[in-house]
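What follows is a set of notes on a single structure, which appears directly below.
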Amino acid sequence: TFRQIIDNGYAYSSNGSVYFDTAAWRKERGYLAKLKPESVGDLDALAEGEGKFTDISSQEKKNQVDFALWKASKPGEPFWESPWGQGRPGWHIECSAMADSICDGKLDIHSGGEDLLFPHHDNEILQAEGYSNSKQWVNYFIHAGHLSIEGCKMSKSLKNFITIKDALKKNTGRQLRIHFLSHSWRGGLDYSESAMSEAVNTEKYFNDFFLLVKYHQSTLGEGITSFVKLTDLELGLYAKLQDSEKAVHEALCDSFDTPTAMRVLKTILSDAYSYLHVQKDPNVRLLVQIAVYVTKILSVFGVVSSNDKIGFGGSGAEGAQSTDEIVLPFVKALSQFRDEVRTSAIELKATAILQSCDGLRNNVLPELGVRLEDREIGEPAVFKIDDKETLLREKKQRQEELARKEKEKAEKAAAKEKAAKDKLEKGKLSPLEMFRNDQYSAWDDTGLPTSDAKGTPITNSQMKKLKKLQTVQDKLHKQYLQHISDLEI
C-alpha cells in the first residue's frame, strides 16, 4: 500500500517513516480536505489525529500538514518490520487499508462520529484515492452526533459514562430504541432520566392504543356484517391515515428523519383517540388499519420484534397463533360474566359482591397479564392483554398510593382528635379566673383586670383586648361544661 502511494507520487519516505505528500496532492488535485476544507492547517486537530507517537513539527516532514502512513518506532515502542525499518502503521492508513481490501476499492456509505470528519476521514480519502488514483473513494459519508449524559458529553475522565448493560438494567431495549428514534442520527443525543421517562411514556402511548384496538377487534362480528360504510368522520380519519403514510415516507427519505416519523405516528394515534372519544361504536376495521400501519413502521425501526400484525409482541413462530389470539376468547367470556354479575350487584346494592368484582379486576387479573377497565354502568368493561410486569408495577403503585392516603387520613384524624382534646383542656379554665394571676393586682366582678401588677390602671385599649380574650374563653368553657354534662348523661 505505502509503496503504491509512493510510486503514484503522493508519499515519500524520510528517516524510516513514510509520509503523505500533501503538497504533491494539492498540486495535482487542488484540495486537501473534501469533508471539512475549513480545517486544513488546523495543527491542533492534526496533532490529535497523529497521536502521541508522532511529533507534528518533526523536521523529517516536508510540510507540517503531511501525515504519517508508516511511522518509525522509537526504542521501547511497538513495531513491525518493513522495507523502511521497524515501525507501525499510521492511524488513518489502517482504516483505509481494511475498507479497501474488503470492499474492493470503492465504498458506497462510510459512517463515523462527527469528530472524525477531520483529519481522520479526510486523510482516509487522500490515502485511498492516492493509492488507486481514483477521483472518488466514497459516495456518501454519514457522521453521527455525540452522546451526552445529563447534558454533558460522555467521558471516562468525567466518570459520567454508562454502559449498555447498565442502561438495560434501568430500561428495556425497546425503550432505549424509542429514545434513539426520537433524535436525529446526525444530532446530539442526551441520555438522562427525564429523556428516558419520555421514552417510557411514548412506549405506553403506543401500547395502550394497540391494546385498545385489540379489544375492539375481539368484539368484531363475522362475515359481511362486520363491514360498514365509513361516515364523514371516519372518512376524515382515513384521509389523515393516508397523509400520515405519505409524511412518514417523506421523512425517512429526508436523511432518515426518524424524529419526524415518530411524531407523525403519535399524531395519527391522537387523531384516532379523538375519534374514539366521540364515536362509542367505532369502525373497528379502520382502527385496525391504523394499528397495523403503525406496527409495521415500528417494526421497520426495530421496535417490534414479534410477528404480530398489531402491537409490540406476544407471538411465536411465523404463522402460529399469537398469545392474544389464544387467550382473548377466554378473557372475553370472563369479562362478560363479570359485567353481568357487577350490574346485578349494583342494582341489588350487594356491596360484598361488588368488592369481589373489584378484587378480580385489581388483584387477580393483573397477575395473569390482563388489564380490565370498567366503564359507565351498562357498558361492557374493556379488557386488554398487557405486560404482566407493567400491571404488577401499577398494582404496587395503587397499593402504595392507597396506603399513603390511609396514613394521611389517620394522621388528620389524630390531629383533629388532639385539637379537640386541647380545646377541652383549655376550656376547663373559667373566664372569671383566667386573669387572676400575678400580672394584675385588681379585678372587677366579671374577672376582668382593672390594674396591672404595679397598680397602674388598665387603659381602654388594653381592656378592649382583654374582653375579647375573655369572650373566647367563655365560649370554650361553656363547650367544656356541655361535654362534661353529656358524659354524665
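Ordering of the C-alpha cells sets the chain letters (A, B, ...); residue numbers start at 1 within each chain; ligands are numbered from 1 in the order shown.
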
| Please, which residues of segment 206-364 of chain A, numbered as in this document, come out helix (DSSP H, G or I) from DSSP, as a VMD selection string? | chain A and resid 206 to 218 223 to 226 232 to 253 258 to 278 284 to 300 323 to 348 351 to 364

| Contacts of Val264 of chain A at 8 Å (only C-alpha atoms; same-chain gap of 6+ positions) as a list in words |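 Here the qualifying residues turn out to be Ser244, Ala247 and Val248 of chain A.
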
Could the residues in this selection be saved with all heavy atoms as a CSV table (one decimal), in the first residue's frame?
chain,number,residue,atom,x,y,z
A,244,SER,N,-50.6,10.6,6.8
A,244,SER,CA,-49.5,10.1,7.7
A,244,SER,C,-48.5,9.2,7.0
A,244,SER,O,-47.3,9.3,7.2
A,244,SER,CB,-50.1,9.4,8.9
A,244,SER,OG,-50.9,10.3,9.7
A,247,ALA,N,-46.4,11.3,4.9
A,247,ALA,CA,-45.5,12.1,5.7
A,247,ALA,C,-44.3,11.2,6.2
A,247,ALA,O,-43.2,11.7,6.3
A,247,ALA,CB,-46.2,12.8,6.8
A,248,VAL,N,-44.6,10.0,6.7
A,248,VAL,CA,-43.6,9.1,7.2
A,248,VAL,C,-42.6,8.8,6.1
A,248,VAL,O,-41.4,8.8,6.3
A,248,VAL,CB,-44.2,7.9,7.8
A,248,VAL,CG1,-43.1,6.8,8.1
A,248,VAL,CG2,-44.9,8.2,9.1

| task | Would you please work out which residue, of A:Thr267, A:Trp185, A:His146, A:Arg375, is nearest to Tyr205 of chain A when using only C-alpha atoms? | result |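 Smallest separation from Tyr205 of chain A among the options: A:Thr267.
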
Find the residues near segment 175-178 of chain A: any atom within 10 Å, counting only C-alpha atoms, skip ones fewer than 4 places away on the same chain, and give them as a PDB file with C-alpha atoms, in the first residue's frame.
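Here's the written file out-v5.pdb:
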ATOM      1  CA  ILE A 164     -25.365  -0.571  27.572  1.00  0.00           C
ATOM      2  CA  ALA A 167     -28.678   1.116  30.796  1.00  0.00           C
ATOM      3  CA  LEU A 168     -30.650  -2.094  30.226  1.00  0.00           C
ATOM      4  CA  LYS A 170     -32.958   0.705  34.111  1.00  0.00           C
ATOM      5  CA  ASN A 171     -34.916   0.469  30.860  1.00  0.00           C
ATOM      6  CA  SER A 182     -36.746  10.455  18.815  1.00  0.00           C
ATOM      7  CA  HIS A 183     -33.430  12.116  17.911  1.00  0.00           C
ATOM      8  CA  TYR A 191     -29.240  10.213  27.897  1.00  0.00           C
ATOM      9  CA  ALA A 195     -35.391  11.733  28.463  1.00  0.00           C
ATOM     10  CA  MET A 196     -35.898   8.057  29.269  1.00  0.00           C
ATOM     11  CA  SER A 197     -39.095   8.896  31.133  1.00  0.00           C
ATOM     12  CA  GLU A 198     -40.376  10.449  27.908  1.00  0.00           C
ATOM     13  CA  ALA A 199     -39.426   7.267  26.018  1.00  0.00           C
ATOM     14  CA  VAL A 200     -41.321   5.152  28.567  1.00  0.00           C
ATOM     15  CA  ASN A 201     -44.385   7.371  28.156  1.00  0.00           C
ATOM     16  CA  THR A 202     -44.142   7.090  24.356  1.00  0.00           C
ATOM     17  CA  GLU A 203     -43.976   3.302  24.592  1.00  0.00           C
ATOM     18  CA  LYS A 204     -47.044   3.297  26.854  1.00  0.00           C
ATOM     19  CA  THR A 258     -36.949   9.323  12.425  1.00  0.00           C
ATOM     20  CA  PRO A 259     -37.933  12.098  14.913  1.00  0.00           C
ATOM     21  CA  MET A 262     -42.253   9.219  15.229  1.00  0.00           C
ATOM     22  CA  LEU A 298     -42.227   0.452  14.331  1.00  0.00           C
ATOM     23  CA  PHE A 301     -37.460   0.715  13.193  1.00  0.00           C
ATOM     24  CA  GLY A 302     -36.600  -2.426  15.172  1.00  0.00           C
ATOM     25  CA  VAL A 303     -39.009  -1.583  17.990  1.00  0.00           C
TER      26      VAL A 303
END

| query | In Å to one decimal, how far is atom CA of Lys280 of chain A from atom CA of Ile385 of chain A? | reply | 21.2 Å
